[in-house]
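Note: the block below is start-v5.cif and it holds mmCIF, C-alpha atoms.
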data_entry
loop_
_atom_site.label_atom_id
_atom_site.label_comp_id
_atom_site.auth_asym_id
_atom_site.auth_seq_id
_atom_site.Cartn_x
_atom_site.Cartn_y
_atom_site.Cartn_z
CA MET L 1 32.09 37.29 -2.68
CA SER L 2 31.98 38.80 -6.13
CA GLU L 3 28.83 40.15 -7.74
CA GLY L 4 28.83 37.35 -10.32
CA THR L 5 28.83 34.41 -7.92
CA GLU L 6 26.09 35.99 -5.84
CA ILE L 7 23.73 36.09 -8.81
CA SER L 8 24.51 32.50 -9.76
CA ARG L 9 23.89 31.34 -6.19
CA ARG L 10 20.49 33.01 -6.21
CA LYS L 11 19.76 31.51 -9.60
CA PHE L 12 20.79 28.07 -8.36
CA LEU L 13 18.58 28.25 -5.29
CA SER L 14 15.67 29.46 -7.40
CA ILE L 15 16.00 26.56 -9.82
CA ALA L 16 16.44 24.07 -6.95
CA THR L 17 13.36 25.39 -5.16
CA TRP L 18 11.20 25.25 -8.26
CA SER L 19 12.34 21.76 -9.23
CA ILE L 20 11.95 20.26 -5.77
CA GLY L 21 8.58 21.97 -5.44
CA GLY L 22 7.54 20.68 -8.84
CA PHE L 23 8.68 17.18 -7.97
CA ILE L 24 6.72 17.16 -4.72
CA SER L 25 3.63 18.54 -6.47
CA LEU L 26 3.83 15.81 -9.09
CA ALA L 27 4.41 13.15 -6.43
CA MET L 28 1.16 14.36 -4.88
CA ALA L 29 -0.86 14.99 -8.03
CA ILE L 30 -0.27 11.65 -9.76
CA PRO L 31 -1.46 9.44 -6.85
CA ALA L 32 -4.35 11.87 -6.34
CA ILE L 33 -5.54 11.42 -9.93
CA VAL L 34 -5.09 7.63 -9.73
CA TYR L 35 -7.01 7.64 -6.45
CA ILE L 36 -9.92 9.61 -7.90
CA VAL L 37 -10.34 7.78 -11.19
CA GLY L 38 -9.40 4.31 -9.82
CA PRO L 39 -12.88 2.88 -9.21
CA ALA L 40 -14.08 4.14 -12.59
CA LEU L 41 -11.49 2.03 -14.38
CA LYS L 42 -12.58 -1.19 -12.67
CA ARG L 43 -14.46 -3.46 -15.04
CA SER L 44 -17.58 -5.06 -13.61
CA LYS L 45 -16.78 -8.27 -11.80
CA ALA L 46 -16.40 -11.70 -13.36
CA GLN L 47 -19.52 -13.67 -14.15
CA ASN L 48 -20.61 -16.58 -12.01
CA TRP L 49 -22.88 -19.54 -12.45
CA ILE L 50 -26.11 -18.66 -10.66
CA ARG L 51 -28.22 -21.59 -9.44
CA LEU L 52 -31.86 -21.29 -10.47
CA GLY L 53 -33.47 -24.55 -9.31
CA PRO L 54 -34.63 -27.96 -10.54
CA SER L 55 -35.21 -28.26 -14.28
CA SER L 56 -38.31 -30.35 -13.53
CA ARG L 57 -40.12 -27.11 -12.68
CA VAL L 58 -39.94 -25.96 -16.29
CA GLU L 59 -43.10 -26.77 -18.22
CA LEU L 60 -42.78 -27.69 -21.87
CA ASN L 61 -43.24 -24.71 -24.20
CA THR L 62 -44.02 -22.30 -21.35
CA PRO L 63 -41.46 -19.81 -20.07
CA THR L 64 -41.11 -20.48 -16.35
CA LEU L 65 -40.01 -17.81 -13.89
CA PHE L 66 -37.00 -18.51 -11.65
CA LYS L 67 -35.74 -16.12 -9.00
CA ALA L 68 -32.21 -16.14 -7.66
CA THR L 69 -30.50 -13.99 -5.06
CA VAL L 70 -27.06 -12.70 -5.95
CA GLN L 71 -24.63 -10.56 -4.02
CA GLN L 72 -23.90 -7.16 -5.52
CA GLN L 73 -20.86 -5.15 -4.55
CA SER L 74 -21.60 -1.44 -4.10
CA GLY L 75 -18.35 0.15 -3.00
CA TRP L 76 -17.70 -1.23 0.49
CA ILE L 77 -21.32 -2.40 0.79
CA VAL L 78 -22.51 -5.85 -0.25
CA ASN L 79 -26.17 -5.93 -1.26
CA GLU L 80 -28.39 -8.93 -1.87
CA GLU L 81 -30.24 -8.50 -5.11
CA GLU L 82 -33.00 -10.69 -6.50
CA LEU L 83 -32.70 -11.47 -10.20
CA SER L 84 -35.44 -13.07 -12.28
CA PHE L 85 -35.04 -15.35 -15.29
CA TYR L 86 -37.51 -17.00 -17.64
CA VAL L 87 -36.51 -20.51 -18.71
CA LEU L 88 -38.04 -22.14 -21.77
CA THR L 89 -37.70 -25.66 -23.09
CA GLU L 90 -39.36 -27.13 -26.15
CA ASN L 91 -38.10 -30.68 -25.84
CA GLY L 92 -37.13 -31.13 -22.17
CA ARG L 93 -33.44 -31.31 -23.11
CA ASP L 94 -32.43 -27.90 -24.44
CA TYR L 95 -33.11 -24.88 -22.30
CA ILE L 96 -32.99 -21.18 -23.00
CA ALA L 97 -32.78 -18.66 -20.19
CA MET L 98 -33.96 -15.10 -20.78
CA SER L 99 -33.71 -11.96 -18.75
CA ASN L 100 -36.98 -10.41 -17.59
CA ILE L 101 -35.61 -6.96 -18.32
CA CYS L 102 -37.20 -5.26 -21.28
CA THR L 103 -34.58 -4.28 -23.88
CA HIS L 104 -36.34 -0.96 -24.44
CA LEU L 105 -35.88 0.97 -21.18
CA GLY L 106 -35.31 -1.66 -18.52
CA CYS L 107 -38.79 -2.31 -17.12
CA ARG L 108 -39.63 -5.85 -16.03
CA VAL L 109 -41.56 -8.01 -18.48
CA ARG L 110 -44.17 -10.53 -17.42
CA TRP L 111 -45.33 -13.78 -19.06
CA ILE L 112 -49.06 -13.70 -19.82
CA ASP L 113 -50.14 -17.31 -20.04
CA GLU L 114 -53.53 -16.77 -21.78
CA GLN L 115 -51.93 -14.80 -24.62
CA GLY L 116 -48.72 -16.82 -24.77
CA GLN L 117 -46.66 -13.63 -24.79
CA PHE L 118 -44.33 -11.53 -22.69
CA PHE L 119 -45.76 -8.12 -21.93
CA CYS L 120 -43.96 -5.01 -20.77
CA PRO L 121 -46.31 -2.59 -18.97
CA CYS L 122 -44.20 0.51 -19.52
CA HIS L 123 -44.68 0.98 -23.29
CA ASN L 124 -46.85 -2.00 -24.22
CA ALA L 125 -44.00 -4.01 -25.71
CA ILE L 126 -44.77 -7.63 -26.61
CA PHE L 127 -42.28 -10.50 -26.99
CA ASP L 128 -43.03 -14.06 -28.01
CA LYS L 129 -42.12 -17.06 -25.84
CA GLU L 130 -38.58 -17.15 -27.24
CA GLY L 131 -38.12 -13.48 -26.47
CA GLN L 132 -38.40 -12.16 -30.05
CA VAL L 133 -40.00 -8.73 -30.39
CA VAL L 134 -43.60 -8.97 -31.60
CA ALA L 135 -44.74 -5.40 -31.08
CA GLY L 136 -43.69 -2.17 -29.45
CA PRO L 137 -40.47 -0.15 -29.20
CA PRO L 138 -37.80 -2.68 -28.01
CA PRO L 139 -34.73 -2.59 -30.28
CA ARG L 140 -33.73 -6.25 -29.80
CA PRO L 141 -34.99 -9.55 -28.34
CA LEU L 142 -34.81 -10.30 -24.62
CA ASP L 143 -31.25 -10.92 -23.47
CA ARG L 144 -30.27 -14.58 -23.12
CA TYR L 145 -27.96 -16.31 -20.69
CA GLU L 146 -25.78 -19.33 -21.10
CA VAL L 147 -27.48 -22.27 -19.36
CA LYS L 148 -26.10 -25.47 -17.93
CA LEU L 149 -27.82 -28.46 -16.37
CA GLU L 150 -26.11 -30.32 -13.54
CA ASP L 151 -27.73 -33.09 -11.48
CA GLY L 152 -31.16 -31.85 -12.52
CA LEU L 153 -30.41 -28.27 -11.47
CA LEU L 154 -30.37 -25.32 -13.83
CA TYR L 155 -27.61 -22.70 -13.73
CA VAL L 156 -27.18 -19.51 -15.73
CA LEU L 157 -24.00 -17.55 -16.29
CA GLY L 158 -24.45 -13.97 -15.10
CA GLY L 159 -23.57 -11.43 -12.50
CA MET M 1 6.30 35.00 -23.68
CA SER M 2 5.93 34.27 -19.98
CA ALA M 3 7.57 37.60 -19.18
CA LYS M 4 5.01 39.31 -21.42
CA LEU M 5 2.17 37.50 -19.67
CA GLY M 6 3.72 38.39 -16.31
CA ASN M 7 3.84 42.06 -17.26
CA TRP M 8 0.29 41.98 -18.60
CA LEU M 9 -0.95 40.51 -15.34
CA ASP M 10 1.20 42.79 -13.21
CA GLU M 11 -0.25 45.89 -14.86
CA ARG M 12 -3.70 44.68 -13.88
CA ILE M 13 -3.34 42.91 -10.53
CA GLY M 14 0.07 44.05 -9.28
CA TRP M 15 1.26 40.59 -8.36
CA ARG M 16 4.96 41.55 -8.40
CA GLN M 17 4.51 43.75 -5.36
CA ALA M 18 2.88 40.88 -3.46
CA TRP M 19 5.56 38.46 -4.65
CA GLN M 20 8.26 40.89 -3.53
CA ALA M 21 6.65 41.32 -0.11
CA ILE M 22 6.18 37.59 0.48
CA PHE M 23 9.21 35.90 -1.05
CA LEU M 24 11.85 38.58 -1.57
CA ARG M 25 11.58 40.33 1.77
CA LYS M 26 14.71 41.01 3.77
CA ILE M 27 15.40 38.70 6.69
CA PRO M 28 18.13 38.70 9.34
CA LYS M 29 20.81 36.01 9.28
CA VAL M 30 19.00 33.06 10.86
CA ASN M 31 19.41 29.31 11.22
CA TRP M 32 17.57 26.14 10.27
CA LEU M 33 15.29 26.33 13.30
CA TYR M 34 13.55 29.20 11.52
CA THR M 35 12.21 26.75 8.92
CA LEU M 36 9.88 25.02 11.40
CA GLY M 37 7.02 27.42 10.65
CA SER M 38 7.34 26.82 6.90
CA ALA M 39 7.57 23.09 7.57
CA SER M 40 4.30 23.27 9.53
CA LEU M 41 2.74 25.20 6.65
CA PHE M 42 3.92 22.55 4.18
CA VAL M 43 2.45 19.71 6.25
CA MET M 44 -0.76 21.72 6.58
CA VAL M 45 -1.05 21.84 2.79
CA ASN M 46 -0.44 18.08 2.72
CA GLN M 47 -3.21 17.57 5.29
CA ILE M 48 -5.64 19.72 3.31
CA VAL M 49 -5.00 17.93 0.02
CA THR M 50 -5.04 14.39 1.42
CA GLY M 51 -7.95 15.22 3.73
CA ILE M 52 -10.08 16.45 0.84
CA LEU M 53 -9.20 13.31 -1.10
CA LEU M 54 -10.22 11.09 1.82
CA THR M 55 -13.66 12.71 2.00
CA ILE M 56 -14.33 11.44 -1.52
CA TYR M 57 -14.74 7.90 -0.14
CA TYR M 58 -15.12 8.24 3.62
CA VAL M 59 -18.60 8.09 5.16
CA PRO M 60 -19.02 9.26 8.77
CA THR M 61 -21.69 6.88 10.05
CA PRO M 62 -21.12 3.95 12.43
CA ASP M 63 -22.25 1.35 9.89
CA HIS M 64 -20.01 2.64 7.11
CA ALA M 65 -17.06 4.50 8.66
CA PHE M 66 -14.84 1.51 9.36
CA ASP M 67 -15.72 -0.26 6.10
CA SER M 68 -15.17 2.83 3.99
CA VAL M 69 -11.76 3.40 5.58
CA GLN M 70 -10.80 -0.22 4.91
CA PHE M 71 -12.09 0.23 1.37
CA ILE M 72 -9.82 3.25 0.89
CA SER M 73 -6.81 1.39 2.28
CA THR M 74 -7.25 -1.87 0.40
CA GLN M 75 -9.42 -1.33 -2.70
CA ILE M 76 -8.73 2.16 -4.02
CA PRO M 77 -5.49 2.56 -5.98
CA ALA M 78 -3.05 4.74 -4.00
CA GLY M 79 -5.63 4.86 -1.21
CA TRP M 80 -3.09 3.45 1.24
CA LEU M 81 -0.76 6.28 0.25
CA ILE M 82 -3.31 9.06 0.61
CA ARG M 83 -4.51 7.75 3.96
CA GLY M 84 -0.94 7.10 5.11
CA LEU M 85 0.12 10.64 4.23
CA HIS M 86 -2.84 12.04 6.18
CA HIS M 87 -2.23 9.72 9.14
CA TRP M 88 1.52 10.39 9.47
CA GLY M 89 1.11 14.00 8.43
CA ALA M 90 -1.15 14.48 11.45
CA SER M 91 1.60 13.35 13.80
CA ALA M 92 4.22 15.36 11.93
CA MET M 93 2.01 18.44 12.17
CA VAL M 94 1.73 18.26 15.95
CA ILE M 95 5.46 17.64 16.35
CA LEU M 96 6.45 20.47 13.99
CA VAL M 97 4.03 22.96 15.51
CA VAL M 98 5.31 22.21 19.01
CA LEU M 99 8.96 22.50 17.90
CA HIS M 100 8.11 25.78 16.18
CA MET M 101 6.60 27.05 19.44
CA VAL M 102 9.64 25.94 21.46
CA ARG M 103 11.90 27.86 19.07
CA VAL M 104 9.78 30.96 19.46
CA ILE M 105 9.94 30.63 23.25
CA ILE M 106 13.68 30.01 23.44
CA TYR M 107 14.53 32.87 21.07
CA GLY M 108 12.04 35.19 22.78
CA SER M 109 10.34 35.89 19.44
CA TYR M 110 6.95 36.29 21.13
CA LYS M 111 7.95 39.68 22.60
CA PHE M 112 7.03 43.15 21.35
CA PRO M 113 6.04 43.77 18.61
CA ARG M 114 5.08 40.16 17.90
CA GLU M 115 2.57 39.44 20.67
CA VAL M 116 -0.40 39.13 18.33
CA THR M 117 1.52 36.71 16.12
CA TRP M 118 2.16 34.68 19.26
CA PHE M 119 -1.52 34.78 20.31
CA THR M 120 -2.67 33.49 16.92
CA GLY M 121 0.06 30.86 17.15
CA VAL M 122 -1.24 29.67 20.51
CA ILE M 123 -4.75 29.28 19.10
CA LEU M 124 -3.29 27.52 16.05
CA LEU M 125 -1.63 25.00 18.37
CA LEU M 126 -5.00 24.34 20.02
CA VAL M 127 -6.65 23.99 16.60
CA THR M 128 -3.97 21.49 15.56
CA ILE M 129 -4.59 19.44 18.70
CA GLY M 130 -8.34 19.68 18.01
CA PHE M 131 -7.71 18.27 14.54
CA GLY M 132 -5.78 15.38 16.04
CA PHE M 133 -8.46 14.67 18.63
CA THR M 134 -11.45 14.76 16.26
CA GLY M 135 -9.61 12.95 13.46
CA TYR M 136 -8.62 10.12 15.77
CA LEU M 137 -12.26 9.00 16.08
CA LEU M 138 -13.05 8.93 12.39
CA PRO M 139 -11.67 5.46 11.44
CA TRP M 140 -14.19 4.13 13.99
CA ASP M 141 -12.12 1.13 15.02
CA GLN M 142 -11.63 -0.11 18.58
CA LYS M 143 -8.71 2.22 19.22
CA ALA M 144 -10.63 5.24 17.92
CA TYR M 145 -13.74 4.39 19.89
CA TRP M 146 -12.08 3.81 23.24
CA ALA M 147 -9.53 6.60 22.89
CA THR M 148 -12.40 9.01 22.30
CA THR M 149 -14.40 7.52 25.16
CA VAL M 150 -11.48 8.24 27.46
CA GLY M 151 -10.59 11.56 25.82
CA THR M 152 -14.09 13.00 25.97
CA SER M 153 -14.58 11.90 29.58
CA ILE M 154 -11.88 14.41 30.51
CA ALA M 155 -14.43 17.05 29.51
CA GLY M 156 -16.63 15.69 32.28
CA ALA M 157 -14.05 16.39 34.96
CA PRO M 158 -14.91 19.98 35.97
CA PRO M 159 -17.34 20.23 38.89
CA LEU M 160 -20.97 21.32 38.28
CA ILE M 161 -20.75 21.96 34.52
CA GLY M 162 -18.58 18.95 33.61
CA ASP M 163 -21.44 16.58 32.91
CA THR M 164 -23.19 19.10 30.66
CA ILE M 165 -20.00 19.75 28.68
CA LEU M 166 -19.44 16.03 28.30
CA ARG M 167 -22.96 15.52 26.98
CA ILE M 168 -22.52 18.37 24.49
CA VAL M 169 -19.18 17.03 23.25
CA ARG M 170 -20.58 13.54 22.78
CA GLY M 171 -24.03 14.66 21.66
CA GLY M 172 -25.54 12.46 24.34
CA GLU M 173 -24.56 10.25 27.20
CA GLU M 174 -22.55 7.70 25.23
CA LEU M 175 -20.40 7.75 22.12
CA SER M 176 -22.79 7.26 19.21
CA ALA M 177 -23.54 8.04 15.59
CA ILE M 178 -24.11 11.61 16.75
CA THR M 179 -20.59 11.82 18.19
CA LEU M 180 -19.05 10.50 14.99
CA ALA M 181 -21.03 12.89 12.79
CA ARG M 182 -20.23 15.97 14.89
CA PHE M 183 -16.55 15.08 15.18
CA TYR M 184 -16.49 14.78 11.41
CA GLY M 185 -18.24 18.12 10.99
CA VAL M 186 -15.80 19.79 13.35
CA HIS M 187 -12.85 18.09 11.66
CA VAL M 188 -13.74 19.05 8.08
CA TRP M 189 -15.55 22.38 8.52
CA VAL M 190 -15.10 24.19 11.82
CA LEU M 191 -11.40 23.56 12.37
CA PRO M 192 -10.22 24.04 8.75
CA ILE M 193 -11.99 27.40 8.48
CA THR M 194 -10.56 28.52 11.82
CA LEU M 195 -7.13 27.26 10.83
CA LEU M 196 -7.06 28.99 7.46
CA PHE M 197 -8.24 32.29 8.92
CA LEU M 198 -5.62 32.20 11.69
CA VAL M 199 -2.85 31.09 9.34
CA VAL M 200 -3.58 34.05 7.06
CA VAL M 201 -3.44 36.45 10.02
CA HIS M 202 -0.32 34.75 11.40
CA MET M 203 1.52 34.95 8.09
CA TYR M 204 0.39 38.50 7.39
CA LEU M 205 1.93 39.51 10.71
CA VAL M 206 5.13 37.54 10.09
CA ILE M 207 5.54 39.33 6.76
CA ARG M 208 4.45 42.75 7.98
CA ILE M 209 6.60 42.81 11.13
CA GLY M 210 9.47 40.73 9.79
CA ILE M 211 11.06 37.83 11.62
CA SER M 212 13.14 38.23 14.75
CA ALA M 213 16.92 37.88 14.69
CA VAL M 214 18.71 35.22 16.67
CA PRO M 215 19.21 36.76 20.13
CA ARG M 216 22.82 37.50 21.04
CA ARG M 217 24.63 38.19 24.26
CA GLU M 218 24.78 41.97 24.80
CA GLU M 219 28.19 43.54 24.20
CA LYS M 220 29.59 45.31 27.25
CA SER M 221 28.65 48.96 26.96
#
As structure tokens, the full file:
Amino acid sequence: MSEGTEISRRKFLSIATWSIGGFISLAMAIPAIVYIVGPALKRSKAQNWIRLGPSSRVELNTPTLFKATVQQQSGWIVNEEELSFYVLTENGRDYIAMSNICTHLGCRVRWIDEQGQFFCPCHNAIFDKEGQVVAGPPPRPLDRYEVKLEDGLLYVLGG
Amino acid sequence: MSAKLGNWLDERIGWRQAWQAIFLRKIPKVNWLYTLGSASLFVMVNQIVTGILLTIYYVPTPDHAFDSVQFISTQIPAGWLIRGLHHWGASAMVILVVLHMVRVIIYGSYKFPREVTWFTGVILLLVTIGFGFTGYLLPWDQKAYWATTVGTSIAGAPPLIGDTILRIVRGGEELSAITLARFYGVHVWVLPITLLFLVVVHMYLVIRIGISAVPRREEKS
């Protein structure tokens, strides 16, 4: 074997080792990255119609509280979570459903019947019966949900 | 550029000497059976990487273990691949390590001056089997549960002390949350640390002493 071919053989093996090693490392690294970031890329699940209850419960011009239990996926765990909605009607035909979550920092608001206002205890925010901000720090009105009425039962679109 | 960086580093940390000793050392003319140790090392790296990745989602409690494993296999992208590599890698590891040992026995490579390398290798075999035994319980399915029930009851076989050993292994009379948690702890902390320490010693000795040549029939003197 001449000196020249010996060097080229060594060179060849070196290149082969590095490329195969690099290929295997990539074949490991790419799935690993996908595996780690995978759940972060998942958009929150599709929205469903949540059944609230009979529309006959809603008093005219007074936001009425409905509670509904929904299933929340938390990794491999399924939790039951209770959500609350205020439903308002001014004519008995058109309904608006509002979240009870204050748009400021997420505390729960409460309807105060005597004052005819929503009150948030955390920073004294006040909303009117339609959820518009009357006083306090909230940046926007209470969030609304799409409502539908079927066979006298109210549903909201949420999740 | 890279040569410059290499020189800069070499002046400071002397990596070329280490590189020379590890990868450019002289070896006798050997055959493919001498790659079994490197193959074991490669699978070990695979087990470490995939094992660490699995701990990101796996939870070692009876009410979550099975569900979290199913979650990895079905919901996480490439989760089936990571778990599969760890699962099959475990079997490959045991097979390769045993073949490596058989080669060492047949070629007499355990003899002077390599006895200590052999001793560490024997413990490494036990550690590998320990990995297999503790890892088998972690998916917490029927097979895992009953295999470990049977496997641990072997620890109860010795007279007098058997029952005490069995209770210590299981962390109680029966397989329970305690068993699962301690098997997990052993699998991800105790055994890996032991393994890495012994592998470093094992490889230091392989490099320091050099590998044995293929034995040959003695020429008539």
Query - Result set of the PyMOL selection byres ((chain M and resi 125) around 12) on the coordinates above, as a ChimeraX atom specification - result: /M:37,40,93-102,118-124,126-132,191,194-195,198-199
For C-alpha atoms, I'd like the residues from the last selection saved as a JSON list (two decimals), keeping the file's coordinate frame.
[["chain", "number", "residue", "atom", "x", "y", "z"],
["M", 37, "GLY", "CA", 7.02, 27.42, 10.65],
["M", 40, "SER", "CA", 4.30, 23.27, 9.53],
["M", 93, "MET", "CA", 2.01, 18.44, 12.17],
["M", 94, "VAL", "CA", 1.73, 18.26, 15.95],
["M", 95, "ILE", "CA", 5.46, 17.64, 16.35],
["M", 96, "LEU", "CA", 6.45, 20.47, 13.99],
["M", 97, "VAL", "CA", 4.03, 22.96, 15.51],
["M", 98, "VAL", "CA", 5.31, 22.21, 19.01],
["M", 99, "LEU", "CA", 8.96, 22.50, 17.90],
["M", 100, "HIS", "CA", 8.11, 25.78, 16.18],
["M", 101, "MET", "CA", 6.60, 27.05, 19.44],
["M", 102, "VAL", "CA", 9.64, 25.94, 21.46],
["M", 118, "TRP", "CA", 2.16, 34.68, 19.26],
["M", 119, "PHE", "CA", -1.52, 34.78, 20.31],
["M", 120, "THR", "CA", -2.67, 33.49, 16.92],
["M", 121, "GLY", "CA", 0.06, 30.86, 17.15],
["M", 122, "VAL", "CA", -1.24, 29.67, 20.51],
["M", 123, "ILE", "CA", -4.75, 29.28, 19.10],
["M", 124, "LEU", "CA", -3.29, 27.52, 16.05],
["M", 126, "LEU", "CA", -5.00, 24.34, 20.02],
["M", 127, "VAL", "CA", -6.65, 23.99, 16.60],
["M", 128, "THR", "CA", -3.97, 21.49, 15.56],
["M", 129, "ILE", "CA", -4.59, 19.44, 18.70],
["M", 130, "GLY", "CA", -8.34, 19.68, 18.01],
["M", 131, "PHE", "CA", -7.71, 18.27, 14.54],
["M", 132, "GLY", "CA", -5.78, 15.38, 16.04],
["M", 191, "LEU", "CA", -11.40, 23.56, 12.37],
["M", 194, "THR", "CA", -10.56, 28.52, 11.82],
["M", 195, "LEU", "CA", -7.13, 27.26, 10.83],
["M", 198, "LEU", "CA", -5.62, 32.20, 11.69],
["M", 199, "VAL", "CA", -2.85, 31.09, 9.34]]
Requested in this report: May I have the protein, DNA and RNA residues with an atom at most 6 Å from (-20.1, -0.1, 2.7), counting all atoms listed in the file in the file's coordinates, returned as a PyMOL selection string?
Outcome: (chain L and resi 75-77) or (chain M and resi 64+67-68)
Report task. Compile the residues of chain L that lie within 7 Å of chain M, evaluated using only C-alpha atoms, and express the compilation as a ChimeraX atom specification. Result -> /L:31,34-35,38-39,76
Selection near range 110-113 of chain L, 12 Å with all atoms listed in the file, sequence-local residues under 3 positions removed, as a short mmCIF file (atom, residue, chain, number, x, y, z; two decimals) with C-alpha atoms, in the coordinates of the input:
data_model
loop_
_atom_site.label_atom_id
_atom_site.label_comp_id
_atom_site.auth_asym_id
_atom_site.auth_seq_id
_atom_site.Cartn_x
_atom_site.Cartn_y
_atom_site.Cartn_z
CA GLU L 59 -43.10 -26.77 -18.22
CA ASN L 61 -43.24 -24.71 -24.20
CA THR L 62 -44.02 -22.30 -21.35
CA PRO L 63 -41.46 -19.81 -20.07
CA THR L 64 -41.11 -20.48 -16.35
CA LEU L 65 -40.01 -17.81 -13.89
CA SER L 84 -35.44 -13.07 -12.28
CA PHE L 85 -35.04 -15.35 -15.29
CA TYR L 86 -37.51 -17.00 -17.64
CA VAL L 87 -36.51 -20.51 -18.71
CA LEU L 88 -38.04 -22.14 -21.77
CA MET L 98 -33.96 -15.10 -20.78
CA SER L 99 -33.71 -11.96 -18.75
CA ASN L 100 -36.98 -10.41 -17.59
CA ILE L 101 -35.61 -6.96 -18.32
CA CYS L 102 -37.20 -5.26 -21.28
CA CYS L 107 -38.79 -2.31 -17.12
CA GLY L 116 -48.72 -16.82 -24.77
CA GLN L 117 -46.66 -13.63 -24.79
CA PHE L 118 -44.33 -11.53 -22.69
CA PHE L 119 -45.76 -8.12 -21.93
CA CYS L 120 -43.96 -5.01 -20.77
CA PRO L 121 -46.31 -2.59 -18.97
CA CYS L 122 -44.20 0.51 -19.52
CA ASN L 124 -46.85 -2.00 -24.22
CA ALA L 125 -44.00 -4.01 -25.71
CA ILE L 126 -44.77 -7.63 -26.61
CA PHE L 127 -42.28 -10.50 -26.99
CA ASP L 128 -43.03 -14.06 -28.01
CA LYS L 129 -42.12 -17.06 -25.84
CA GLU L 130 -38.58 -17.15 -27.24
CA GLY L 131 -38.12 -13.48 -26.47
CA LEU L 142 -34.81 -10.30 -24.62
#
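Of the listed residues (L:Val37, L:Ile96, L:Ala32, L:Leu83), L:Leu83 comes nearest to Ile50 in chain L; the distances count all atoms listed in the file.
Interatomic distance, CA of Leu205 in chain M to CA of Thr117 in chain M: 6.1 Å.
Proximity of L:Val78, L:Ile36, L:Leu157, L:Val147 to Arg93 in chain L, computed with all atoms listed in the file, is greatest for L:Val147.
Between CA of Trp140 in chain M and CA of Ala155 in chain M there is a distance of 20.2 Å.
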Rebuild N, CA and C atoms on range 58-72 of chain M, as an mmCIF file, keeping the file's coordinate frame?
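Just written: out-v3.cif:
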data_model
loop_
_atom_site.group_PDB
_atom_site.id
_atom_site.type_symbol
_atom_site.label_atom_id
_atom_site.label_comp_id
_atom_site.auth_asym_id
_atom_site.auth_seq_id
_atom_site.Cartn_x
_atom_site.Cartn_y
_atom_site.Cartn_z
ATOM 1 N N TYR M 58 -14.781 8.482 2.222
ATOM 2 C CA TYR M 58 -15.120 8.240 3.620
ATOM 3 C C TYR M 58 -16.567 8.628 3.924
ATOM 4 N N VAL M 59 -17.225 7.806 4.750
ATOM 5 C CA VAL M 59 -18.600 8.090 5.160
ATOM 6 C C VAL M 59 -18.681 8.059 6.679
ATOM 7 N N PRO M 60 -19.095 9.181 7.314
ATOM 8 C CA PRO M 60 -19.020 9.260 8.770
ATOM 9 C C PRO M 60 -20.258 8.728 9.493
ATOM 10 N N THR M 61 -20.622 7.489 9.253
ATOM 11 C CA THR M 61 -21.690 6.880 10.050
ATOM 12 C C THR M 61 -21.172 5.569 10.613
ATOM 13 N N PRO M 62 -21.666 5.152 11.798
ATOM 14 C CA PRO M 62 -21.120 3.950 12.430
ATOM 15 C C PRO M 62 -21.176 2.709 11.544
ATOM 16 N N ASP M 63 -22.195 2.564 10.706
ATOM 17 C CA ASP M 63 -22.250 1.350 9.890
ATOM 18 C C ASP M 63 -21.385 1.404 8.636
ATOM 19 N N HIS M 64 -20.836 2.572 8.305
ATOM 20 C CA HIS M 64 -20.010 2.640 7.110
ATOM 21 C C HIS M 64 -18.584 3.146 7.348
ATOM 22 N N ALA M 65 -18.356 3.839 8.459
ATOM 23 C CA ALA M 65 -17.060 4.500 8.660
ATOM 24 C C ALA M 65 -15.906 3.505 8.555
ATOM 25 N N PHE M 66 -15.958 2.460 9.355
ATOM 26 C CA PHE M 66 -14.840 1.510 9.360
ATOM 27 C C PHE M 66 -14.668 0.867 7.983
ATOM 28 N N ASP M 67 -15.795 0.409 7.396
ATOM 29 C CA ASP M 67 -15.720 -0.260 6.100
ATOM 30 C C ASP M 67 -15.195 0.668 5.008
ATOM 31 N N SER M 68 -15.634 1.928 5.046
ATOM 32 C CA SER M 68 -15.170 2.830 3.990
ATOM 33 C C SER M 68 -13.681 3.129 4.139
ATOM 34 N N VAL M 69 -13.201 3.186 5.377
ATOM 35 C CA VAL M 69 -11.760 3.400 5.580
ATOM 36 C C VAL M 69 -10.975 2.195 5.087
ATOM 37 N N GLN M 70 -11.474 0.987 5.402
ATOM 38 C CA GLN M 70 -10.800 -0.220 4.910
ATOM 39 C C GLN M 70 -10.829 -0.255 3.385
ATOM 40 N N PHE M 71 -11.947 0.186 2.827
ATOM 41 C CA PHE M 71 -12.090 0.230 1.370
ATOM 42 C C PHE M 71 -11.036 1.150 0.757
ATOM 43 N N ILE M 72 -10.839 2.316 1.368
ATOM 44 C CA ILE M 72 -9.820 3.250 0.890
ATOM 45 C C ILE M 72 -8.440 2.596 0.955
#
